[in-house]
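Q: The structure file data24.txt (compact mmCIF, C-alpha atoms) is provided below.
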```txt
# COMPACT_ATOMS: atom_id res chain seq x y z
CA MET K 17 -12.87 -142.32 2.03
CA PRO K 18 -14.99 -140.29 4.43
CA THR K 19 -14.18 -140.39 8.12
CA LEU K 20 -17.09 -139.83 10.45
CA LYS K 21 -17.75 -139.99 14.15
CA ILE K 22 -20.49 -142.29 15.38
CA ASP K 23 -21.24 -142.15 19.10
CA GLY K 24 -17.76 -140.70 19.63
CA LEU K 25 -16.01 -143.42 17.69
CA ASP K 26 -14.06 -142.53 14.56
CA VAL K 27 -14.65 -144.73 11.58
CA THR K 28 -13.42 -144.56 8.01
CA VAL K 29 -15.62 -146.15 5.40
CA ASP K 30 -15.80 -146.39 1.63
CA ALA K 31 -17.55 -143.60 -0.19
CA GLY K 32 -21.20 -144.40 -0.73
CA THR K 33 -21.57 -146.32 2.52
CA SER K 34 -24.66 -145.45 4.50
CA VAL K 35 -24.49 -144.29 8.10
CA LEU K 36 -26.34 -147.45 9.07
CA GLU K 37 -23.72 -149.67 7.48
CA ALA K 38 -20.94 -147.67 9.11
CA ALA K 39 -22.60 -148.02 12.51
CA ARG K 40 -23.09 -151.73 12.03
CA PHE K 41 -19.44 -151.99 11.05
CA LEU K 42 -18.62 -150.58 14.47
CA GLY K 43 -20.98 -153.07 16.05
CA LEU K 44 -23.51 -150.45 17.09
CA GLU K 45 -27.03 -151.67 17.05
CA ILE K 46 -29.61 -149.67 15.13
CA PRO K 47 -33.03 -151.28 14.74
CA THR K 48 -34.43 -151.56 11.23
CA LEU K 49 -37.59 -152.81 9.68
CA CYS K 50 -37.69 -151.86 6.02
CA HIS K 51 -33.96 -152.36 5.55
CA GLU K 52 -32.65 -155.67 4.29
CA ASP K 53 -29.17 -156.48 3.09
CA GLY K 54 -29.26 -157.05 -0.64
CA LEU K 55 -32.15 -154.68 -1.19
CA GLU K 56 -31.96 -151.02 -2.01
CA ALA K 57 -32.34 -148.71 0.98
CA TYR K 58 -35.84 -147.29 1.14
CA GLY K 59 -36.11 -145.23 4.33
CA GLY K 60 -39.78 -145.99 4.78
CA CYS K 61 -40.09 -147.20 8.35
CA ARG K 62 -37.73 -144.57 9.86
CA LEU K 63 -36.86 -146.93 12.70
CA CYS K 64 -33.16 -146.53 11.92
CA VAL K 65 -33.43 -142.87 12.90
CA VAL K 66 -30.21 -141.26 14.23
CA GLU K 67 -29.28 -137.74 15.27
CA VAL K 68 -26.85 -135.96 12.98
CA GLY K 69 -24.95 -132.81 13.94
CA GLN K 70 -24.49 -131.03 17.24
CA GLY K 71 -26.53 -128.72 19.40
CA ASP K 72 -29.31 -126.68 17.86
CA LYS K 73 -28.38 -127.75 14.37
CA SER K 74 -28.80 -131.44 15.05
CA ARG K 75 -31.51 -133.19 13.15
CA LEU K 76 -33.02 -136.62 12.82
CA VAL K 77 -32.27 -138.59 9.68
CA SER K 78 -32.86 -142.17 8.61
CA SER K 79 -29.44 -143.78 8.77
CA CYS K 80 -30.16 -146.36 6.07
CA THR K 81 -30.50 -143.67 3.39
CA TYR K 82 -28.03 -141.12 4.77
CA PRO K 83 -24.62 -141.39 3.12
CA ALA K 84 -21.54 -141.27 5.31
CA GLU K 85 -19.90 -137.86 4.91
CA ASP K 86 -16.51 -136.65 6.01
CA GLY K 87 -16.61 -135.09 9.47
CA LEU K 88 -20.17 -136.13 10.16
CA ALA K 89 -21.07 -136.43 13.83
CA VAL K 90 -23.71 -139.09 14.40
CA ARG K 91 -25.36 -140.08 17.64
CA THR K 92 -27.38 -143.26 17.50
CA ASN K 93 -28.92 -143.37 20.93
CA THR K 94 -29.87 -139.97 22.24
CA LYS K 95 -33.01 -139.22 24.22
CA ARG K 96 -34.56 -137.64 21.16
CA VAL K 97 -33.81 -140.70 19.03
CA ALA K 98 -35.19 -143.08 21.63
CA ARG K 99 -38.37 -141.05 22.03
CA THR K 100 -38.92 -140.79 18.30
CA ARG K 101 -38.29 -144.46 17.77
CA LYS K 102 -40.70 -145.45 20.49
CA MET K 103 -43.39 -143.28 18.95
CA LEU K 104 -42.76 -144.82 15.52
CA ILE K 105 -43.08 -148.30 16.96
CA GLU K 106 -46.30 -147.32 18.69
CA LEU K 107 -47.71 -146.07 15.41
CA LEU K 108 -46.63 -149.19 13.55
CA VAL K 109 -48.03 -151.53 16.17
CA SER K 110 -51.37 -149.76 16.16
CA LEU K 111 -51.45 -150.22 12.39
CA VAL K 112 -50.89 -153.98 12.48
CA PRO K 113 -51.15 -155.33 16.03
CA SER K 114 -51.06 -158.90 14.72
CA SER K 115 -47.45 -158.70 13.58
CA LYS K 116 -45.01 -160.52 15.78
CA VAL K 117 -42.11 -158.56 14.32
CA LEU K 118 -43.73 -155.31 15.42
CA GLN K 119 -44.77 -156.64 18.82
CA ASP K 120 -41.21 -157.81 19.40
CA LEU K 121 -39.92 -154.36 18.50
CA ALA K 122 -42.41 -152.83 20.92
CA ALA K 123 -41.19 -155.15 23.63
CA LYS K 124 -37.56 -154.44 22.89
CA PHE K 125 -37.92 -150.68 22.94
CA GLY K 126 -40.22 -150.48 25.90
CA ALA K 127 -43.37 -149.40 24.13
CA GLN K 128 -45.80 -150.81 26.64
CA LYS K 129 -48.92 -149.01 25.60
CA SER K 130 -50.19 -147.66 22.34
CA ARG K 131 -52.16 -144.46 22.61
CA PHE K 132 -53.47 -144.87 19.07
CA LYS K 133 -56.57 -146.66 17.96
CA PRO K 134 -55.66 -150.05 16.50
CA LYS K 135 -56.37 -150.16 12.80
CA HIS K 136 -55.75 -153.84 12.02
CA GLU K 137 -54.46 -153.19 8.54
CA ASP K 138 -52.59 -155.93 6.76
CA CYS K 139 -49.79 -153.80 5.35
CA ILE K 140 -47.42 -151.16 6.71
CA LEU K 141 -46.19 -150.14 3.24
CA CYS K 142 -42.57 -150.86 4.11
CA GLY K 143 -41.97 -151.80 0.48
CA LEU K 144 -39.90 -154.87 1.31
CA CYS K 145 -41.99 -157.11 -0.94
CA VAL K 146 -41.82 -154.63 -3.82
CA ARG K 147 -38.04 -154.47 -3.62
CA MET K 148 -37.69 -158.21 -3.05
CA CYS K 149 -39.76 -158.91 -6.15
CA LYS K 150 -37.89 -156.38 -8.27
CA GLU K 151 -34.32 -156.71 -7.08
CA GLN K 152 -33.86 -160.26 -5.87
CA MET K 153 -36.51 -162.21 -7.75
CA MET K 154 -36.02 -160.15 -10.92
CA SER K 155 -39.74 -160.08 -11.49
CA GLY K 156 -41.16 -156.72 -10.48
CA ALA K 157 -44.74 -157.95 -10.55
CA ILE K 158 -45.97 -155.79 -7.67
CA GLU K 159 -45.65 -152.07 -7.17
CA PHE K 160 -46.99 -149.26 -5.03
CA VAL K 161 -50.30 -148.07 -6.41
CA GLY K 162 -52.22 -144.92 -5.60
CA ARG K 163 -51.20 -142.16 -3.28
CA GLY K 164 -51.60 -141.00 0.28
CA GLN K 165 -54.27 -142.79 2.25
CA LYS K 166 -55.15 -144.97 -0.71
CA ARG K 167 -51.60 -146.17 -1.28
CA ARG K 168 -51.31 -149.92 -1.43
CA ILE K 169 -49.25 -152.63 -3.04
CA THR K 170 -50.75 -154.61 -5.87
CA THR K 171 -50.36 -155.82 -9.44
CA PRO K 172 -51.45 -153.62 -12.38
CA PHE K 173 -55.25 -153.42 -12.64
CA ASP K 174 -55.45 -155.84 -9.67
CA LYS K 175 -55.20 -158.68 -12.16
CA LYS K 176 -53.14 -161.84 -11.97
CA SER K 177 -49.70 -160.81 -13.10
CA GLU K 178 -47.92 -162.47 -15.98
CA LEU K 179 -44.63 -161.45 -14.40
CA CYS K 180 -45.30 -163.21 -11.11
CA ARG K 181 -43.80 -166.69 -10.80
CA THR K 182 -45.48 -167.23 -7.41
CA CYS K 183 -42.07 -167.64 -5.82
CA GLY K 184 -43.41 -166.42 -2.48
CA GLY K 185 -40.51 -164.02 -1.94
CA CYS K 186 -42.90 -161.23 -1.01
CA MET K 187 -44.52 -163.33 1.69
CA TYR K 188 -41.17 -164.55 2.92
CA ILE K 189 -39.90 -161.03 3.54
CA CYS K 190 -43.13 -159.44 4.77
CA PRO K 191 -42.83 -158.38 8.42
CA VAL K 192 -46.56 -158.32 9.04
CA CYS K 193 -48.13 -161.16 7.06
CA THR K 194 -45.85 -163.86 8.40
CA LEU K 195 -45.10 -164.89 11.95
CA ARG K 196 -48.40 -163.99 13.49
CA CYS K 197 -48.11 -163.87 17.23
CA GLN K 198 -50.88 -163.92 19.75
CA GLY K 199 -51.20 -160.17 19.40
CA PRO K 200 -54.54 -159.94 17.62
CA ASN K 201 -56.31 -161.74 20.41
CA ALA K 202 -54.67 -159.72 23.12
CA PRO K 203 -57.02 -157.27 24.79
CA THR K 204 -54.68 -154.34 24.26
CA THR K 205 -52.92 -153.18 21.09
CA VAL K 206 -49.50 -153.80 22.52
CA CYS K 207 -49.79 -157.30 23.84
CA GLY K 208 -46.75 -156.79 26.06
CA SER K 209 -46.40 -160.41 27.00
CA CYS K 210 -42.91 -160.68 25.62
CA LEU K 211 -42.01 -157.54 27.51
CA THR K 212 -42.05 -159.21 30.90
CA LEU K 213 -40.91 -162.50 29.57
CA GLU K 214 -38.32 -164.15 31.69
CA PRO K 215 -36.93 -167.45 30.54
CA THR K 216 -38.37 -169.56 33.30
CA CYS K 217 -39.16 -172.36 30.89
CA ILE K 218 -35.73 -173.67 31.62
CA ASP K 219 -36.83 -174.57 35.14
CA HIS K 220 -39.58 -176.71 33.66
CA TYR K 221 -37.88 -178.09 30.60
CA ASP K 222 -34.17 -178.75 30.59
CA ASP K 223 -33.39 -177.14 27.28
CA TYR K 224 -36.61 -175.82 25.84
CA MET K 225 -36.87 -172.06 25.64
CA CYS K 226 -39.42 -169.70 24.27
CA TYR K 227 -37.58 -169.00 21.10
CA LEU K 228 -37.70 -172.66 20.16
CA GLY K 229 -41.43 -172.44 19.64
CA PRO K 230 -44.31 -170.01 19.61
CA THR K 231 -43.68 -167.55 22.39
CA GLY K 232 -45.49 -168.11 25.63
CA VAL K 233 -47.09 -171.35 24.55
CA CYS K 234 -45.77 -173.37 27.44
CA GLY K 235 -47.18 -170.73 29.73
CA THR K 236 -44.57 -171.05 32.44
CA CYS K 237 -43.17 -167.56 32.02
CA VAL K 238 -46.63 -166.13 32.04
CA SER K 239 -47.64 -167.71 35.30
CA GLU K 240 -44.30 -166.66 36.73
CA LYS K 241 -45.09 -163.05 35.93
CA LYS K 242 -48.43 -163.33 37.59
CA HIS K 243 -47.00 -164.62 40.83
CA LYS K 244 -44.21 -162.14 40.83
CA GLY K 245 -46.05 -159.02 39.81
CA GLY K 246 -49.20 -159.66 41.75
CA GLU K 247 -50.83 -156.87 39.73
CA SER K 248 -54.55 -156.75 39.60
CA GLY K 249 -55.91 -157.89 36.29
CA GLY K 250 -52.55 -159.32 35.33
CA ASP K 251 -54.29 -161.91 33.21
CA LYS K 252 -55.94 -159.25 31.13
CA GLU K 253 -52.65 -157.88 29.87
CA LEU K 254 -51.53 -161.23 28.56
CA CYS K 255 -51.78 -162.74 25.17
CA HIS K 256 -54.79 -164.83 24.40
CA THR K 257 -52.82 -167.96 23.64
CA ALA K 258 -50.85 -167.66 26.83
CA ASN K 259 -54.08 -167.32 28.74
CA THR K 260 -55.66 -170.37 27.20
CA THR K 261 -52.57 -172.46 27.75
CA GLN K 262 -52.60 -171.37 31.31
CA GLN K 263 -56.17 -172.45 31.67
CA GLN K 264 -55.40 -175.76 30.07
CA ARG K 265 -52.57 -176.27 32.48
CA ARG K 266 -54.84 -175.65 35.38
CA MET J 18 -62.36 -147.45 -31.51
CA LYS J 19 -63.90 -150.86 -30.90
CA LYS J 20 -62.09 -152.24 -33.91
CA ASN J 21 -58.81 -150.97 -32.59
CA LYS J 22 -59.45 -152.57 -29.25
CA THR J 23 -60.04 -156.02 -30.71
CA LYS J 24 -56.94 -155.62 -32.79
CA THR J 25 -54.75 -154.67 -29.88
CA THR J 26 -55.99 -157.42 -27.58
CA LYS J 27 -54.98 -159.94 -30.21
CA GLY J 28 -51.50 -158.53 -29.91
CA SER J 29 -51.13 -158.13 -33.67
CA GLU J 30 -48.41 -155.96 -35.12
CA ALA J 31 -50.77 -153.32 -36.42
CA GLY J 32 -51.79 -151.32 -33.36
CA ASP J 33 -53.83 -148.19 -33.02
CA PRO J 34 -52.40 -145.59 -35.41
CA ARG J 35 -53.16 -142.93 -32.83
CA LEU J 36 -50.84 -144.64 -30.36
CA ASP J 37 -48.10 -145.04 -32.96
CA ARG J 38 -48.36 -141.34 -33.72
CA ILE J 39 -47.79 -140.57 -30.03
CA PHE J 40 -44.84 -142.93 -29.77
CA LYS J 41 -43.26 -141.45 -32.89
CA SER J 42 -42.70 -138.12 -31.17
CA TYR J 43 -40.71 -139.68 -28.31
CA GLU J 44 -37.46 -141.57 -28.11
CA GLY J 45 -38.77 -144.23 -25.79
CA ARG J 46 -36.87 -143.39 -22.64
CA ALA J 47 -38.20 -143.96 -19.14
CA ARG J 48 -38.16 -140.23 -18.41
CA ASP J 49 -40.85 -139.64 -21.05
CA THR J 50 -43.33 -141.74 -19.07
CA VAL J 51 -45.54 -138.95 -17.78
CA SER J 52 -45.57 -137.08 -21.11
CA VAL J 53 -46.53 -140.23 -23.01
CA LEU J 54 -49.29 -141.01 -20.54
CA GLN J 55 -50.58 -137.44 -20.86
CA ASP J 56 -50.68 -137.73 -24.65
CA ILE J 57 -52.51 -141.05 -24.44
CA GLN J 58 -55.07 -139.52 -22.14
CA ASP J 59 -55.48 -136.55 -24.50
CA VAL J 60 -56.35 -138.96 -27.32
CA TYR J 61 -58.56 -141.47 -25.49
CA GLY J 62 -59.88 -139.37 -22.63
CA TYR J 63 -58.48 -141.95 -20.24
CA LEU J 64 -55.70 -144.54 -20.02
CA PRO J 65 -56.86 -147.82 -21.56
CA GLU J 66 -55.14 -150.99 -20.37
CA ASP J 67 -53.95 -151.90 -23.85
CA ALA J 68 -52.37 -148.50 -24.33
CA LEU J 69 -50.56 -148.79 -21.00
CA ARG J 70 -49.20 -152.19 -21.99
CA LYS J 71 -47.92 -150.79 -25.29
CA ALA J 72 -46.46 -147.75 -23.55
CA SER J 73 -44.66 -150.08 -21.15
CA VAL J 74 -43.02 -151.90 -24.05
CA PHE J 75 -42.23 -148.65 -25.86
CA LEU J 76 -40.70 -146.91 -22.84
CA GLY J 77 -38.95 -149.99 -21.49
CA VAL J 78 -40.60 -149.39 -18.12
CA PRO J 79 -42.30 -152.41 -16.47
CA LEU J 80 -46.09 -152.26 -16.50
CA PRO J 81 -46.41 -152.26 -12.68
CA GLU J 82 -44.32 -149.08 -12.56
CA ILE J 83 -46.37 -147.42 -15.29
CA PHE J 84 -49.50 -148.38 -13.41
CA GLY J 85 -47.99 -146.92 -10.25
CA VAL J 86 -47.39 -143.60 -12.01
CA ALA J 87 -50.84 -143.63 -13.59
CA THR J 88 -52.52 -144.14 -10.22
CA PHE J 89 -50.28 -141.66 -8.41
CA TYR J 90 -51.30 -138.55 -10.31
CA ARG J 91 -54.82 -137.26 -10.01
CA MET J 92 -54.84 -136.07 -13.63
CA PHE J 93 -54.75 -139.63 -14.97
CA ARG J 94 -57.87 -141.73 -15.07
CA LEU J 95 -58.11 -145.43 -15.80
CA ASN J 96 -61.78 -145.68 -16.71
CA ALA J 97 -63.54 -144.05 -19.62
CA PRO J 98 -65.21 -140.75 -18.71
CA GLY J 99 -68.99 -140.60 -18.98
CA LYS J 100 -70.95 -138.40 -21.35
CA HIS J 101 -71.45 -135.95 -18.52
CA THR J 102 -69.01 -135.19 -15.76
CA VAL J 103 -70.25 -134.19 -12.33
CA THR J 104 -67.55 -132.78 -10.10
CA ALA J 105 -68.19 -132.01 -6.46
CA CYS J 106 -65.83 -129.75 -4.58
CA VAL J 107 -64.67 -131.37 -1.36
CA GLY J 108 -62.39 -128.53 -0.29
CA THR J 109 -62.42 -127.24 3.27
CA ALA J 110 -65.05 -124.53 2.75
CA CYS J 111 -67.42 -126.83 0.86
CA HIS J 112 -66.78 -129.57 3.40
CA VAL J 113 -67.80 -127.26 6.22
CA ARG J 114 -70.90 -126.29 4.27
CA GLY J 115 -71.91 -129.95 4.02
CA VAL J 116 -70.63 -131.23 0.69
CA THR J 117 -70.19 -134.72 2.11
CA ARG J 118 -73.96 -135.19 2.14
CA VAL J 119 -74.10 -133.89 -1.43
CA VAL J 120 -71.44 -136.38 -2.54
CA ASP J 121 -73.23 -139.19 -0.71
CA GLU J 122 -76.47 -138.27 -2.43
CA LEU J 123 -74.77 -138.12 -5.82
CA SER J 124 -73.15 -141.51 -5.34
CA ARG J 125 -76.42 -142.99 -4.17
CA THR J 126 -78.38 -141.56 -7.10
CA LEU J 127 -75.82 -142.56 -9.71
CA GLY J 128 -74.85 -145.80 -8.00
CA VAL J 129 -71.11 -145.13 -8.32
CA GLU J 130 -68.33 -143.98 -6.03
CA PRO J 131 -66.39 -140.78 -6.75
CA GLY J 132 -63.87 -141.47 -9.53
CA GLN J 133 -66.14 -143.99 -11.28
CA THR J 134 -68.44 -143.87 -14.28
CA THR J 135 -72.00 -145.18 -14.33
CA PRO J 136 -72.39 -148.52 -16.15
CA ASP J 137 -74.50 -146.86 -18.86
CA GLY J 138 -71.64 -144.45 -19.51
CA ASN J 139 -73.76 -141.37 -18.92
CA TYR J 140 -72.15 -139.88 -15.83
CA SER J 141 -68.79 -139.86 -14.19
CA LEU J 142 -68.60 -138.61 -10.64
CA GLU J 143 -65.47 -136.76 -9.59
CA THR J 144 -64.27 -134.86 -6.57
CA VAL J 145 -61.88 -131.92 -6.52
CA ALA J 146 -60.05 -130.28 -3.63
CA CYS J 147 -61.04 -126.66 -4.25
CA LEU J 148 -62.53 -124.70 -7.12
CA GLY J 149 -61.75 -121.27 -5.75
CA CYS J 150 -65.34 -120.14 -5.36
CA CYS J 151 -65.75 -121.00 -1.71
CA ALA J 152 -68.35 -118.26 -1.15
CA ILE J 153 -70.99 -120.21 -3.05
CA GLY J 154 -70.13 -123.60 -1.60
CA PRO J 155 -71.00 -126.42 -1.64
CA VAL J 156 -70.13 -126.30 -5.32
CA VAL J 157 -70.97 -128.93 -7.90
CA VAL J 158 -69.78 -128.55 -11.49
CA LYS J 159 -71.69 -130.31 -14.19
CA ASP J 160 -70.10 -130.29 -17.64
CA GLY J 161 -68.24 -127.08 -16.91
CA GLN J 162 -71.24 -125.27 -15.47
CA TYR J 163 -70.96 -124.20 -11.84
CA HIS J 164 -73.79 -124.75 -9.41
CA GLY J 165 -73.46 -123.02 -6.05
CA ASN J 166 -75.14 -123.61 -2.68
CA VAL J 167 -76.05 -127.12 -3.73
CA THR J 168 -78.23 -129.16 -1.39
CA PRO J 169 -78.39 -132.95 -1.56
CA GLN J 170 -81.84 -132.65 -3.17
CA GLY J 171 -80.54 -130.11 -5.67
CA ALA J 172 -77.64 -132.36 -6.54
CA ARG J 173 -80.01 -135.25 -7.16
CA LYS J 174 -82.14 -133.16 -9.48
CA LEU J 175 -79.00 -132.12 -11.30
CA VAL J 176 -78.17 -135.66 -12.31
CA GLU J 177 -81.68 -137.02 -12.63
CA LYS J 178 -83.21 -134.51 -15.03
CA PRO J 179 -81.08 -135.00 -18.15
CA ALA J 180 -81.25 -138.76 -17.73
CA ARG J 181 -85.03 -138.55 -17.97
CA THR J 182 -84.96 -136.29 -21.03
CA ALA J 183 -82.49 -138.65 -22.63
CA GLU J 184 -84.96 -141.47 -22.15
CA VAL J 185 -87.72 -139.44 -23.72
CA ALA J 186 -85.47 -138.61 -26.63
CA LYS J 187 -84.93 -142.28 -27.26
```
Can the structure in the file be given as C-alpha cells, please?
A:
Amino acid sequence: MPTLKIDGLDVTVDAGTSVLEAARFLGLEIPTLCHEDGLEAYGGCRLCVVEVGQGDKSRLVSSCTYPAEDGLAVRTNTKRVARTRKMLIELLVSLVPSSKVLQDLAAKFGAQKSRFKPKHEDCILCGLCVRMCKEQMMSGAIEFVGRGQKRRITTPFDKKSELCRTCGGCMYICPVCTLRCQGPNAPTTVCGSCLTLEPTCIDHYDDYMCYLGPTGVCGTCVSEKKHKGGESGGDKELCHTANTTQQQRR
Amino acid sequence: MKKNKTKTTKGSEAGDPRLDRIFKSYEGRARDTVSVLQDIQDVYGYLPEDALRKASVFLGVPLPEIFGVATFYRMFRLNAPGKHTVTACVGTACHVRGVTRVVDELSRTLGVEPGQTTPDGNYSLETVACLGCCAIGPVVVKDGQYHGNVTPQGARKLVEKPARTAEVAK
C-alpha cells in the first residue's frame, strides 16, 4: 500500500493505482483527454501531466500511466505543469480546430491564441477508439497503422473488417469526430467564444442556458461580450454560428 | 505461386507448404510475430494478405495488430517487389544536393509513389534514409548498383532504358 504526497496531501492507495487515480481520489482535478475509465491507460495526449519530485530533480510525467509509489511527491498544478499543458492544448487545437472537446479545453486552460498553423486533421491519434473497440466492444477491428507522420488508425489493408460489428463505439468515444462546435468556421484557430462566455442567457430565458444546447446559438452571451468589451473587431473573434445568429437577431 | 493463392483464398485446409514449413519452426506465440513475418517475407519477397491472415491464426494475434506491426517496420513490405528495384537516398546530404527533384522525376516517369511497384511489375521505387556515401549524392541505387551525382534527367534515363530494351526483346 504505497503512501504518496499529492499537492501536500498524504494519500494511501492500493498498489498498482496510477497517480491520476490517486489524485482523483483526493478530489484534485487533472484534465485528461485520452484517458477513460474502463480503458487501459495510454498516455498519448499528455494532458494529465504532473510534476514528480522536488527541486532540480523534478520531472514531468503523465499521471495516467505513472504508478503510485511510496514516498512519491507529486505536484499537479505548478507553473511548469500549467505552461506545458497550455502548450499541449495549443498543439492539439491547431491539429483539429473543429473539435468542441479541444476548444473547450482551450477555453478552460486559457489558451486564447494558437501560434501554430491549423492543420485541420480529423484525428489526434489519442487511441481511444482503438482501445474502445478492443477492450469494451471485444472486437479489435481497428488498430494503429504505420509510423511517425504516416501513423493513422484503420482496418487491415483498409478493407471492410470482418471483425467490425458497426457498433459505433469508436465514434461515440472520439473526441474530435463528434460534437463539432462552431470552431471550423471561426476566423482564428482558437475560436475563443466560450472563453468569454458569461451565462447571460438566463436574463433572456428563465431556465435555458448554453449547456442545454449548442453553445452560443442564442447569441445573447456573445452580444453581451461585445457591449462589455468594446474591443475593436470583437465580431471577428467570435464563432461563425454566433455571428450569424447575431445577424439574424438584428 | 498462383495456384497456391487460389487455394488459400478458398480457405481450404491445404495451404501453401512454404507457409506451413515456416509455422512448423515456431510454437505459435505472440512474441514470435516479427520473426514469423520476417520468414514470410524471406520466402515471398513481401507479405501477402493471405499469409498475414494465416499468421494471425497461427500466432493467435488479431489481424489488425499483425497489420500494425507489418506497417510499423520499414523492412516489411505489403506489395510484391518489382523485377528491378530503384532506391533513392533521401538522407540529409542527398536532400541538400537535390534528391527531392530526382525522386519526383522517378515517380513521374514510373507513375508510382515511393514504396509502390509499377502495375507492369517491372520497377519498385523505394527511398532510404542514408546509404553512407554522401560524397557522391544524390545517390540512386538500381538493383544493387550505385549511381552517384544523379540528376533528374539521369534518373529518368536510368529507369527508361531497360524498359525499352525489354520491349525490343519481346
Q: Restrict the distance test to only C-alpha atoms, flag each residue of chain J within 9 Å of chain K, and return the flagged residues as a PyMOL selection string.
A: chain J and resi 66+79-90
Q: If you keep C-alpha atoms, can you produce a file of those selected residues as a compact mmCIF listing (two decimals), in the frame of the given file?
A:
```
# COMPACT_ATOMS: atom_id res chain seq x y z
CA GLU J 66 -55.14 -150.99 -20.37
CA PRO J 79 -42.30 -152.41 -16.47
CA LEU J 80 -46.09 -152.26 -16.50
CA PRO J 81 -46.41 -152.26 -12.68
CA GLU J 82 -44.32 -149.08 -12.56
CA ILE J 83 -46.37 -147.42 -15.29
CA PHE J 84 -49.50 -148.38 -13.41
CA GLY J 85 -47.99 -146.92 -10.25
CA VAL J 86 -47.39 -143.60 -12.01
CA ALA J 87 -50.84 -143.63 -13.59
CA THR J 88 -52.52 -144.14 -10.22
CA PHE J 89 -50.28 -141.66 -8.41
CA TYR J 90 -51.30 -138.55 -10.31
```
Q: Tell me, as a list of chain:residue names, which residues lie within 9 Å of Pro169 (chain J), counting all atoms listed in the file; anything in the same chain fewer than 2 positions away does not count.
A: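 Counting all atoms listed in the file, the residues come to J:Val116, J:Arg118, J:Val119, J:Val120, J:Asp121, J:Glu122, J:Leu123, J:Val167, J:Gly171, J:Ala172, J:Arg173, J:Lys174.
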Q: By how many Å are CA of Asp30 (chain K) and CA of Lys150 (chain K) apart?
A: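 One can read the CA of Asp30 (chain K) to CA of Lys150 (chain K) distance as 26.2 Å.
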Q: With distances taken over all atoms listed in the file, which of K:Pro113, K:Gly32, K:Gly60, K:Gly54 is nearest to Pro83 (chain K)?
A: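 Counting all atoms listed in the file, the residue closest to Pro83 (chain K) is K:Gly32.
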Q: Just the residues within 6 Å of Val66 (chain K), please, counting only C-alpha atoms, with nothing from its chain fewer than 2 positions along; format it as a list in words.
A: Leu76, Val77 and Thr92 of chain K
Q: May I have the residues within 12 Å of Thr135 (chain J) as a list of chain:residue names, using all atoms listed in the file and disregarding those fewer than 5 positions away in the same chain?
A: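 Here the qualifying residues turn out to be J:Asn96, J:Ala97, J:Pro98, J:Gly99, J:Lys100, J:His101, J:Thr102, J:Val103, J:Leu123, J:Ser124, J:Arg125, J:Thr126, J:Leu127, J:Gly128, J:Val129, J:Glu130, J:Tyr140, J:Ser141, J:Leu142, J:Glu143, J:Val176, J:Ala180.
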Q: Suppose you want the space between CA of Glu137 (chain K) and CA of Leu107 (chain K); what is it in Å?
A: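 Answer for the CA of Glu137 (chain K) to CA of Leu107 (chain K) separation: 12.0 Å.
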Q: Please return as a list in words every residue within 7 Å of (-25.1, -136.0, 18.1), taking into account all atoms listed in the file and the file's own coordinates.
A: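 The distance filter leaves exactly Glu67, Val68, Gly69, Gln70, Ser74, Ala89, Val90 and Arg91 of chain K.
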Q: Would you work out the distance separating CA of Leu54 (chain J) from CA of Leu76 (chain J), expressed in Å to one decimal?
A: 10.7 Å
Q: Skipping near chain neighbours, those fewer than 5 positions away, what residues fall within 12 Å of Asp59 (chain J) using only C-alpha atoms, listed as a ChimeraX atom specification?
A: /J:35-36,39,52-54,64-65,92-94
Q: Would you please work out which residue, of K:Ile22, K:Val146, K:Val192, K:Met153, is nearest to Ala84 (chain K) when using all atoms listed in the file?
A: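 Closest candidate: K:Ile22.
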Q: Tell me, as a list in words, which residues lie within 10 Å of Asp26 (chain K), counting only C-alpha atoms; anything in the same chain fewer than 6 positions away does not count.
A: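 The neighbour list is Thr19, Leu20, Leu42, Gly87, Leu88 and Ala89 of chain K.
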Q: So, with all atoms listed in the file as the atoms that count, which of K:Ser78, K:Thr28, K:Asn93, K:Gln152 lies closest to Glu56 (chain K)?
A: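 Of the candidates, the smallest distance to Glu56 (chain K) is held by K:Gln152.
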